[in-house]
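Student: Structure file run_19.cif, mmCIF, C-alpha atoms and all ligand atoms, is pasted below:
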```cif
data_input
loop_
_atom_site.group_PDB
_atom_site.id
_atom_site.type_symbol
_atom_site.label_atom_id
_atom_site.label_comp_id
_atom_site.auth_asym_id
_atom_site.auth_seq_id
_atom_site.Cartn_x
_atom_site.Cartn_y
_atom_site.Cartn_z
ATOM 1 C CA LYS A 5 17.013 -30.037 40.010
ATOM 2 C CA GLU A 6 13.556 -30.584 38.483
ATOM 3 C CA LYS A 7 12.332 -27.483 36.537
ATOM 4 C CA VAL A 8 8.878 -26.640 37.975
ATOM 5 C CA GLU A 9 6.577 -25.029 35.412
ATOM 6 C CA ILE A 10 2.971 -23.861 36.039
ATOM 7 C CA THR A 11 0.969 -24.424 32.831
ATOM 8 C CA LYS A 12 -1.420 -21.852 31.318
ATOM 9 C CA GLU A 13 -4.405 -23.975 32.449
ATOM 10 C CA GLN A 14 -3.022 -24.189 35.986
ATOM 11 C CA ARG A 15 -2.539 -20.400 36.103
ATOM 12 C CA ALA A 16 -6.173 -19.959 35.015
ATOM 13 C CA LEU A 17 -7.245 -22.432 37.720
ATOM 14 C CA ILE A 18 -5.327 -20.511 40.429
ATOM 15 C CA LYS A 19 -6.905 -17.227 39.268
ATOM 16 C CA ALA A 20 -10.448 -18.693 39.283
ATOM 17 C CA ILE A 21 -10.019 -20.121 42.793
ATOM 18 C CA LEU A 22 -8.324 -17.002 44.211
ATOM 19 C CA ASP A 23 -11.002 -14.682 42.734
ATOM 20 C CA ALA A 24 -13.743 -16.874 44.257
ATOM 21 C CA TYR A 25 -11.913 -16.997 47.606
ATOM 22 C CA ASN A 26 -11.543 -13.205 47.742
ATOM 23 C CA ARG A 27 -15.009 -12.468 46.344
ATOM 24 C CA HIS A 28 -16.778 -14.390 49.100
ATOM 25 C CA GLN A 29 -16.051 -12.587 52.386
ATOM 26 C CA ILE A 30 -18.106 -12.283 55.571
ATOM 27 C CA PRO A 31 -20.510 -9.295 55.164
ATOM 28 C CA GLN A 32 -19.471 -6.017 56.817
ATOM 29 C CA ASP A 33 -22.569 -5.819 59.041
ATOM 30 C CA VAL A 34 -21.557 -9.103 60.735
ATOM 31 C CA THR A 35 -17.959 -8.040 61.325
ATOM 32 C CA LYS A 36 -19.113 -4.553 62.485
ATOM 33 C CA LYS A 37 -21.343 -6.162 65.145
ATOM 34 C CA LEU A 38 -18.289 -8.008 66.485
ATOM 35 C CA LEU A 39 -16.725 -4.615 67.249
ATOM 36 C CA GLN A 40 -19.861 -3.021 68.741
ATOM 37 C CA GLU A 41 -21.859 -5.453 70.879
ATOM 38 C CA GLN A 42 -21.047 -5.741 74.576
ATOM 39 C CA TYR A 43 -19.083 -8.651 76.069
ATOM 40 C CA SER A 44 -20.899 -11.453 77.881
ATOM 41 C CA ALA A 45 -20.600 -15.212 77.312
ATOM 42 C CA GLU A 46 -24.151 -15.250 75.890
ATOM 43 C CA GLU A 47 -23.588 -12.235 73.623
ATOM 44 C CA ASN A 48 -20.237 -13.626 72.453
ATOM 45 C CA PHE A 49 -21.760 -17.012 71.636
ATOM 46 C CA LEU A 50 -24.641 -15.331 69.795
ATOM 47 C CA LEU A 51 -22.184 -13.283 67.692
ATOM 48 C CA LEU A 52 -19.968 -16.308 66.977
ATOM 49 C CA THR A 53 -23.083 -18.167 65.849
ATOM 50 C CA GLU A 54 -23.813 -15.331 63.444
ATOM 51 C CA VAL A 55 -20.211 -15.384 62.185
ATOM 52 C CA ALA A 56 -20.327 -19.188 61.838
ATOM 53 C CA THR A 57 -23.591 -19.005 59.875
ATOM 54 C CA SER A 58 -22.146 -16.339 57.634
ATOM 55 C CA GLN A 59 -18.967 -18.436 57.167
ATOM 56 C CA VAL A 60 -21.094 -21.401 56.014
ATOM 57 C CA GLN A 61 -22.878 -19.187 53.459
ATOM 58 C CA VAL A 62 -19.543 -17.813 52.213
ATOM 59 C CA LEU A 63 -18.160 -21.379 52.040
ATOM 60 C CA VAL A 64 -21.098 -22.629 49.930
ATOM 61 C CA GLU A 65 -20.677 -19.746 47.465
ATOM 62 C CA PHE A 66 -16.896 -20.305 47.277
ATOM 63 C CA THR A 67 -17.320 -24.066 46.751
ATOM 64 C CA LYS A 68 -19.751 -23.551 43.854
ATOM 65 C CA ASN A 69 -16.987 -21.586 42.092
ATOM 66 C CA ILE A 70 -14.359 -24.330 42.370
ATOM 67 C CA PRO A 71 -13.812 -25.382 38.708
ATOM 68 C CA GLY A 72 -15.279 -28.874 38.256
ATOM 69 C CA PHE A 73 -17.212 -28.955 41.562
ATOM 70 C CA LEU A 74 -20.644 -28.436 39.981
ATOM 71 C CA SER A 75 -19.921 -31.244 37.485
ATOM 72 C CA LEU A 76 -19.727 -33.720 40.398
ATOM 73 C CA ASP A 77 -22.757 -35.838 41.343
ATOM 74 C CA ARG A 78 -25.250 -33.521 43.132
ATOM 75 C CA GLU A 79 -25.475 -35.696 46.260
ATOM 76 C CA ASP A 80 -21.677 -35.889 46.400
ATOM 77 C CA GLN A 81 -21.526 -32.073 46.309
ATOM 78 C CA ILE A 82 -23.702 -31.990 49.463
ATOM 79 C CA ALA A 83 -21.667 -34.791 51.117
ATOM 80 C CA LEU A 84 -18.414 -32.892 50.424
ATOM 81 C CA LEU A 85 -19.814 -29.625 51.809
ATOM 82 C CA LYS A 86 -21.217 -31.216 54.967
ATOM 83 C CA GLY A 87 -18.064 -33.258 55.507
ATOM 84 C CA SER A 88 -15.609 -30.411 54.996
ATOM 85 C CA ALA A 89 -17.476 -27.343 56.285
ATOM 86 C CA VAL A 90 -15.936 -27.118 59.749
ATOM 87 C CA GLU A 91 -12.406 -27.857 58.444
ATOM 88 C CA ALA A 92 -12.723 -25.137 55.795
ATOM 89 C CA MET A 93 -14.090 -22.817 58.514
ATOM 90 C CA PHE A 94 -11.186 -23.564 60.846
ATOM 91 C CA LEU A 95 -8.852 -22.680 57.957
ATOM 92 C CA ARG A 96 -10.764 -19.486 57.159
ATOM 93 C CA SER A 97 -10.919 -18.300 60.778
ATOM 94 C CA ALA A 98 -7.228 -19.242 61.227
ATOM 95 C CA GLN A 99 -6.358 -17.068 58.260
ATOM 96 C CA VAL A 100 -8.439 -14.187 59.649
ATOM 97 C CA LEU A 101 -6.983 -14.553 63.158
ATOM 98 C CA SER A 102 -3.370 -14.855 61.999
ATOM 99 C CA LYS A 103 -3.621 -11.623 59.970
ATOM 100 C CA LYS A 104 -3.391 -8.513 62.161
ATOM 101 C CA MET A 105 -6.473 -6.785 60.697
ATOM 102 C CA PRO A 106 -6.276 -2.956 60.929
ATOM 103 C CA SER A 107 -9.794 -2.708 62.414
ATOM 104 C CA GLY A 108 -8.791 -4.640 65.564
ATOM 105 C CA TYR A 109 -11.274 -7.238 64.322
ATOM 106 C CA THR A 110 -8.800 -10.063 64.959
ATOM 107 C CA GLU A 111 -8.274 -9.210 68.644
ATOM 108 C CA VAL A 112 -12.020 -8.776 69.198
ATOM 109 C CA LEU A 113 -12.818 -12.103 67.520
ATOM 110 C CA GLU A 114 -10.142 -13.856 69.596
ATOM 111 C CA GLU A 115 -11.444 -12.225 72.791
ATOM 112 C CA ARG A 116 -15.026 -13.289 72.043
ATOM 113 C CA ILE A 117 -13.950 -16.852 71.264
ATOM 114 C CA ARG A 118 -12.046 -17.041 74.566
ATOM 115 C CA LYS A 119 -15.118 -15.776 76.431
ATOM 116 C CA SER A 120 -17.891 -17.716 74.646
ATOM 117 C CA GLY A 121 -18.390 -20.503 77.196
ATOM 118 C CA MET A 122 -16.272 -22.953 75.191
ATOM 119 C CA SER A 123 -14.386 -25.430 77.397
ATOM 120 C CA GLU A 124 -10.580 -25.230 77.730
ATOM 121 C CA GLU A 125 -10.066 -28.701 76.222
ATOM 122 C CA PHE A 126 -11.264 -27.330 72.820
ATOM 123 C CA MET A 127 -9.863 -23.823 73.230
ATOM 124 C CA THR A 128 -6.208 -24.947 73.534
ATOM 125 C CA PRO A 129 -5.943 -27.142 70.396
ATOM 126 C CA MET A 130 -7.941 -24.559 68.434
ATOM 127 C CA PHE A 131 -5.610 -21.669 69.277
ATOM 128 C CA ASN A 132 -2.555 -23.877 68.765
ATOM 129 C CA PHE A 133 -3.875 -24.560 65.275
ATOM 130 C CA TYR A 134 -4.474 -20.841 64.627
ATOM 131 C CA LYS A 135 -0.879 -20.174 65.723
ATOM 132 C CA SER A 136 0.555 -22.969 63.541
ATOM 133 C CA ILE A 137 -1.314 -21.609 60.504
ATOM 134 C CA GLY A 138 -0.066 -18.084 61.241
ATOM 135 C CA GLU A 139 3.541 -19.312 61.381
ATOM 136 C CA LEU A 140 3.271 -20.664 57.799
ATOM 137 C CA HIS A 141 2.726 -17.154 56.355
ATOM 138 C CA MET A 142 0.674 -18.651 53.515
ATOM 139 C CA THR A 143 0.005 -16.465 50.476
ATOM 140 C CA GLN A 144 -3.629 -15.869 49.499
ATOM 141 C CA ASP A 145 -3.479 -18.367 46.621
ATOM 142 C CA GLU A 146 -1.965 -21.050 48.908
ATOM 143 C CA GLN A 147 -4.779 -20.458 51.435
ATOM 144 C CA ALA A 148 -7.454 -20.658 48.729
ATOM 145 C CA LEU A 149 -5.941 -23.844 47.255
ATOM 146 C CA LEU A 150 -5.497 -25.512 50.667
ATOM 147 C CA THR A 151 -9.174 -24.778 51.438
ATOM 148 C CA THR A 152 -10.143 -26.202 48.011
ATOM 149 C CA ILE A 153 -8.104 -29.364 48.696
ATOM 150 C CA THR A 154 -9.828 -29.762 52.076
ATOM 151 C CA ILE A 155 -13.262 -29.478 50.436
ATOM 152 C CA LEU A 156 -12.326 -32.023 47.723
ATOM 153 C CA THR A 157 -11.393 -34.746 50.238
ATOM 154 C CA PRO A 158 -12.748 -37.998 48.677
ATOM 155 C CA ASP A 159 -13.144 -40.016 51.904
ATOM 156 C CA ARG A 160 -15.934 -37.972 53.476
ATOM 157 C CA PRO A 161 -19.023 -39.910 54.659
ATOM 158 C CA TYR A 162 -21.612 -40.797 51.936
ATOM 159 C CA VAL A 163 -19.411 -39.775 48.960
ATOM 160 C CA LYS A 164 -20.297 -42.208 46.121
ATOM 161 C CA SER A 165 -17.996 -41.258 43.187
ATOM 162 C CA HIS A 166 -14.752 -41.436 45.163
ATOM 163 C CA GLU A 167 -12.572 -41.446 42.009
ATOM 164 C CA ALA A 168 -14.167 -38.323 40.458
ATOM 165 C CA VAL A 169 -13.478 -36.344 43.674
ATOM 166 C CA GLU A 170 -9.964 -37.803 43.960
ATOM 167 C CA ARG A 171 -9.158 -36.758 40.353
ATOM 168 C CA LEU A 172 -10.300 -33.193 41.063
ATOM 169 C CA GLN A 173 -8.361 -33.056 44.335
ATOM 170 C CA GLU A 174 -5.211 -34.363 42.624
ATOM 171 C CA THR A 175 -5.439 -31.532 40.061
ATOM 172 C CA MET A 176 -5.464 -29.017 42.922
ATOM 173 C CA LEU A 177 -2.685 -30.819 44.844
ATOM 174 C CA ASP A 178 -0.430 -30.663 41.771
ATOM 175 C CA VAL A 179 -0.990 -26.916 41.408
ATOM 176 C CA LEU A 180 -0.371 -26.280 45.131
ATOM 177 C CA ARG A 181 2.800 -28.407 45.063
ATOM 178 C CA LYS A 182 4.215 -26.314 42.182
ATOM 179 C CA LEU A 183 3.164 -23.021 43.857
ATOM 180 C CA CYS A 184 4.962 -24.035 47.066
ATOM 181 C CA VAL A 185 8.189 -24.879 45.191
ATOM 182 C CA LEU A 186 8.070 -21.572 43.291
ATOM 183 C CA GLN A 187 6.953 -19.334 46.182
ATOM 184 C CA HIS A 188 9.005 -20.936 49.003
ATOM 185 C CA PRO A 189 12.264 -22.012 47.283
ATOM 186 C CA GLN A 190 14.146 -21.919 50.641
ATOM 187 C CA GLU A 191 11.683 -24.346 52.231
ATOM 188 C CA PRO A 192 11.662 -27.630 50.237
ATOM 189 C CA GLN A 193 9.325 -29.171 52.894
ATOM 190 C CA TYR A 194 6.806 -26.305 52.783
ATOM 191 C CA PHE A 195 4.236 -28.270 50.722
ATOM 192 C CA ALA A 196 4.515 -31.226 53.145
ATOM 193 C CA ARG A 197 3.979 -28.825 56.078
ATOM 194 C CA LEU A 198 0.790 -27.475 54.466
ATOM 195 C CA LEU A 199 -0.568 -31.013 54.024
ATOM 196 C CA GLY A 200 0.363 -31.734 57.645
ATOM 197 C CA ARG A 201 -2.109 -28.991 58.651
ATOM 198 C CA LEU A 202 -4.892 -30.996 56.965
ATOM 199 C CA THR A 203 -4.184 -33.839 59.397
ATOM 200 C CA GLU A 204 -4.461 -31.396 62.319
ATOM 201 C CA LEU A 205 -7.800 -30.225 60.849
ATOM 202 C CA ARG A 206 -9.218 -33.753 61.148
ATOM 203 C CA THR A 207 -8.477 -33.725 64.890
ATOM 204 C CA LEU A 208 -10.169 -30.340 65.253
ATOM 205 C CA HIS A 209 -13.134 -31.742 63.325
ATOM 206 C CA HIS A 210 -13.579 -34.360 66.068
ATOM 207 C CA TYR A 211 -13.262 -31.713 68.791
ATOM 208 C CA HIS A 212 -15.901 -29.666 66.998
ATOM 209 C CA VAL A 213 -18.441 -32.514 67.076
ATOM 210 C CA GLU A 214 -17.945 -32.701 70.856
ATOM 211 C CA MET A 215 -18.157 -28.872 71.107
ATOM 212 C CA LEU A 216 -21.507 -28.954 69.319
ATOM 213 C CA THR A 217 -22.804 -31.617 71.707
ATOM 214 C CA SER A 218 -21.648 -29.730 74.803
ATOM 215 C CA TRP A 219 -23.159 -26.474 73.515
ATOM 216 C CA LYS A 220 -26.420 -28.307 72.825
ATOM 217 C CA THR A 221 -26.367 -29.839 76.317
ATOM 218 C CA ASN A 222 -25.997 -26.334 77.769
ATOM 219 C CA ASP A 223 -29.026 -25.362 75.710
ATOM 220 C CA HIS A 224 -27.168 -23.040 73.329
ATOM 221 C CA LYS A 225 -29.220 -22.144 70.239
ATOM 222 C CA PHE A 226 -27.884 -22.617 66.674
ATOM 223 C CA THR A 227 -29.272 -21.243 63.413
ATOM 224 C CA PRO A 228 -31.179 -23.579 61.016
ATOM 225 C CA LEU A 229 -28.234 -23.513 58.567
ATOM 226 C CA LEU A 230 -25.733 -24.645 61.230
ATOM 227 C CA CYS A 231 -28.154 -27.393 62.327
ATOM 228 C CA GLU A 232 -28.501 -28.545 58.730
ATOM 229 C CA ILE A 233 -24.815 -28.566 57.799
ATOM 230 C CA TRP A 234 -23.801 -30.398 61.003
ATOM 231 C CA ASP A 235 -26.916 -32.601 61.419
ATOM 232 C CA VAL A 236 -27.769 -31.074 64.803
ATOM 233 C CA GLN A 237 -31.404 -31.457 66.033
HETATM 234 C C1 LIG B 301 -17.266 -18.329 64.235
HETATM 235 C C2 LIG B 301 -16.269 -18.997 65.124
HETATM 236 C C3 LIG B 301 -14.916 -18.672 64.972
HETATM 237 C C4 LIG B 301 -13.981 -19.271 65.776
HETATM 238 C C5 LIG B 301 -14.358 -20.175 66.771
HETATM 239 C C6 LIG B 301 -15.707 -20.512 66.953
HETATM 240 C C7 LIG B 301 -16.100 -21.472 68.064
HETATM 241 C C8 LIG B 301 -16.673 -19.939 66.117
HETATM 242 N N1 LIG B 301 -18.043 -20.317 66.242
HETATM 243 C C9 LIG B 301 -18.525 -21.577 65.881
HETATM 244 C C10 LIG B 301 -17.919 -22.553 65.125
HETATM 245 C C11 LIG B 301 -16.618 -22.499 64.518
HETATM 246 C C12 LIG B 301 -16.402 -21.719 63.394
HETATM 247 F F1 LIG B 301 -17.436 -21.048 62.878
HETATM 248 C C13 LIG B 301 -15.149 -21.661 62.771
HETATM 249 C C14 LIG B 301 -14.103 -22.400 63.306
HETATM 250 C C15 LIG B 301 -14.299 -23.175 64.444
HETATM 251 C C16 LIG B 301 -15.559 -23.202 65.038
HETATM 252 F F2 LIG B 301 -15.773 -23.939 66.134
HETATM 253 N N2 LIG B 301 -18.751 -23.608 64.977
HETATM 254 C C17 LIG B 301 -19.872 -23.293 65.649
HETATM 255 C C18 LIG B 301 -21.029 -24.059 65.776
HETATM 256 C C19 LIG B 301 -22.105 -23.543 66.500
HETATM 257 C C20 LIG B 301 -21.991 -22.283 67.095
HETATM 258 C C21 LIG B 301 -20.819 -21.553 66.956
HETATM 259 C C22 LIG B 301 -20.721 -20.247 67.657
HETATM 260 N N3 LIG B 301 -19.760 -22.060 66.221
#
```
In structure tokens, write the structure found in this file.

Tutor:
Amino acid sequence: KEKVEITKEQRALIKAILDAYNRHQIPQDVTKKLLQEQYSAEENFLLLTEVATSQVQVLVEFTKNIPGFLSLDREDQIALLKGSAVEAMFLRSAQVLSKKMPSGYTEVLEERIRKSGMSEEFMTPMFNFYKSIGELHMTQDEQALLTTITILTPDRPYVKSHEAVERLQETMLDVLRKLCVLQHPQEPQYFARLLGRLTELRTLHHYHVEMLTSWKTNDHKFTPLLCEIWDVQ
């Protein structure tokens, strides 16, 4: 039985990533609006657009605090953010929706998503994903590390220094592997299950591109930040 040991450096890395993950949350005024505004497909879509915009801002701040990220080539930093944004956002919203928040925020967010004019073909896989994330009962540090690993995916479009990103991602994968062994001793396949979620995220990424197109076709408005991060005109 291999003795799994988390080194001092790895413990510092986990702390840095977890602090950044917890420090960057969606502002209260945005979440409060979710509980107050009335329900209509237009209003729901408008609120979800605000939440999405806020999630992108939170994601950018979190990413800047990933140890080593700012040492990457500047253009690669942008390519990684644009390429991973929606996957990191699916993870973040899955984590929010799978926690039963005291404020009833989770139920309201779910209700607004269901009634935001999104077509069933996207709704089903999205909620299946939220459920599958909830069933994993990830700890905060596992969630933060899984999001970090998603962001540091080397094969995103336009990434030039593939190896530099791969090296950074491997550092995070090693830490997450050890954490899973130590925190889920009864589930030897737990780490593999977490990585399996990343594959599901890629499928959702494709659905999201189609969702954007269909929203655009139905003349839904996005914010400048959402247009920029997802290259929408
Ligand atoms: C905030 C939110 C939470 C859960 C589901 C959805 C549909 C949203 N909202 C959007 C998402 C999005 C996201 F923010 C996180 C996860 C998956 C996503 F589809 N992407 C976009 C892009 C343009 C406009 C909106 C309203 N939008």

Student: Residue by residue, what does the PyMOL selection byres (((chain A and resi 43) around 12) and not hetatm) grab here? Present the result as a ChimeraX atom specification.

Tutor: /A:37-42,44-52,112-113,115-121

Student: Could you list, as a list in words, all the residues within 6 Å of ligand LIG 301 (chain B), counting all atoms listed in the file?

Tutor: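 Taking all atoms listed in the file into account, the residues around ligand LIG 301 (chain B) at most 6 Å away are Phe49, Leu52, Thr53, Val55, Ala56, Met93, Phe94, Ser97, Ile117, His212 and Phe226 of chain A.
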
Student: Separation of atom CA of A:Val236 and atom CA of A:Pro161, in Å?

Tutor: 16.0 Å

Student: Could you check which of A:Leu150, A:Val213, A:Ala168, A:Val90 is closest to A:Phe195, using all atoms listed in the file?

Tutor: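 Residue with the minimum atom-to-atom distance to A:Phe195: A:Leu150.
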
Student: So that I can check the surroundings of A:Ser107, please list as a ChimeraX atom specification every protein, DNA and RNA residue that reaches within 10 Å of it, counting all atoms listed in the file and ignoring chain neighbours fewer than 3 positions away.

Tutor: /A:35-36,39,104,110-112

Student: Take the residues from that selection and put them in a file with C-alpha atoms, as a PDB file, in the frame of the given file.

Tutor:
```pdb
ATOM      1  CA  THR A  35     -17.959  -8.040  61.325  1.00  0.00           C
ATOM      2  CA  LYS A  36     -19.113  -4.553  62.485  1.00  0.00           C
ATOM      3  CA  LEU A  39     -16.725  -4.615  67.249  1.00  0.00           C
ATOM      4  CA  LYS A 104      -3.391  -8.513  62.161  1.00  0.00           C
ATOM      5  CA  THR A 110      -8.800 -10.063  64.959  1.00  0.00           C
ATOM      6  CA  GLU A 111      -8.274  -9.210  68.644  1.00  0.00           C
ATOM      7  CA  VAL A 112     -12.020  -8.776  69.198  1.00  0.00           C
TER       8      VAL A 112
END
```

Student: Record the distance separating atom CA of A:Pro129 and atom CA of A:Leu101, expressed in Å with one decimal.

Tutor: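 Between these atoms lies a distance of 14.6 Å.
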
Student: Taking the file as shown, find all residues satisfying the PyMOL selection byres (((chain A and resi 17) around 12) and not hetatm) and write them as a PyMOL selection string.

Tutor: chain A and resi 10-16+18-24+69-72+145+148-149+152+172+175-180
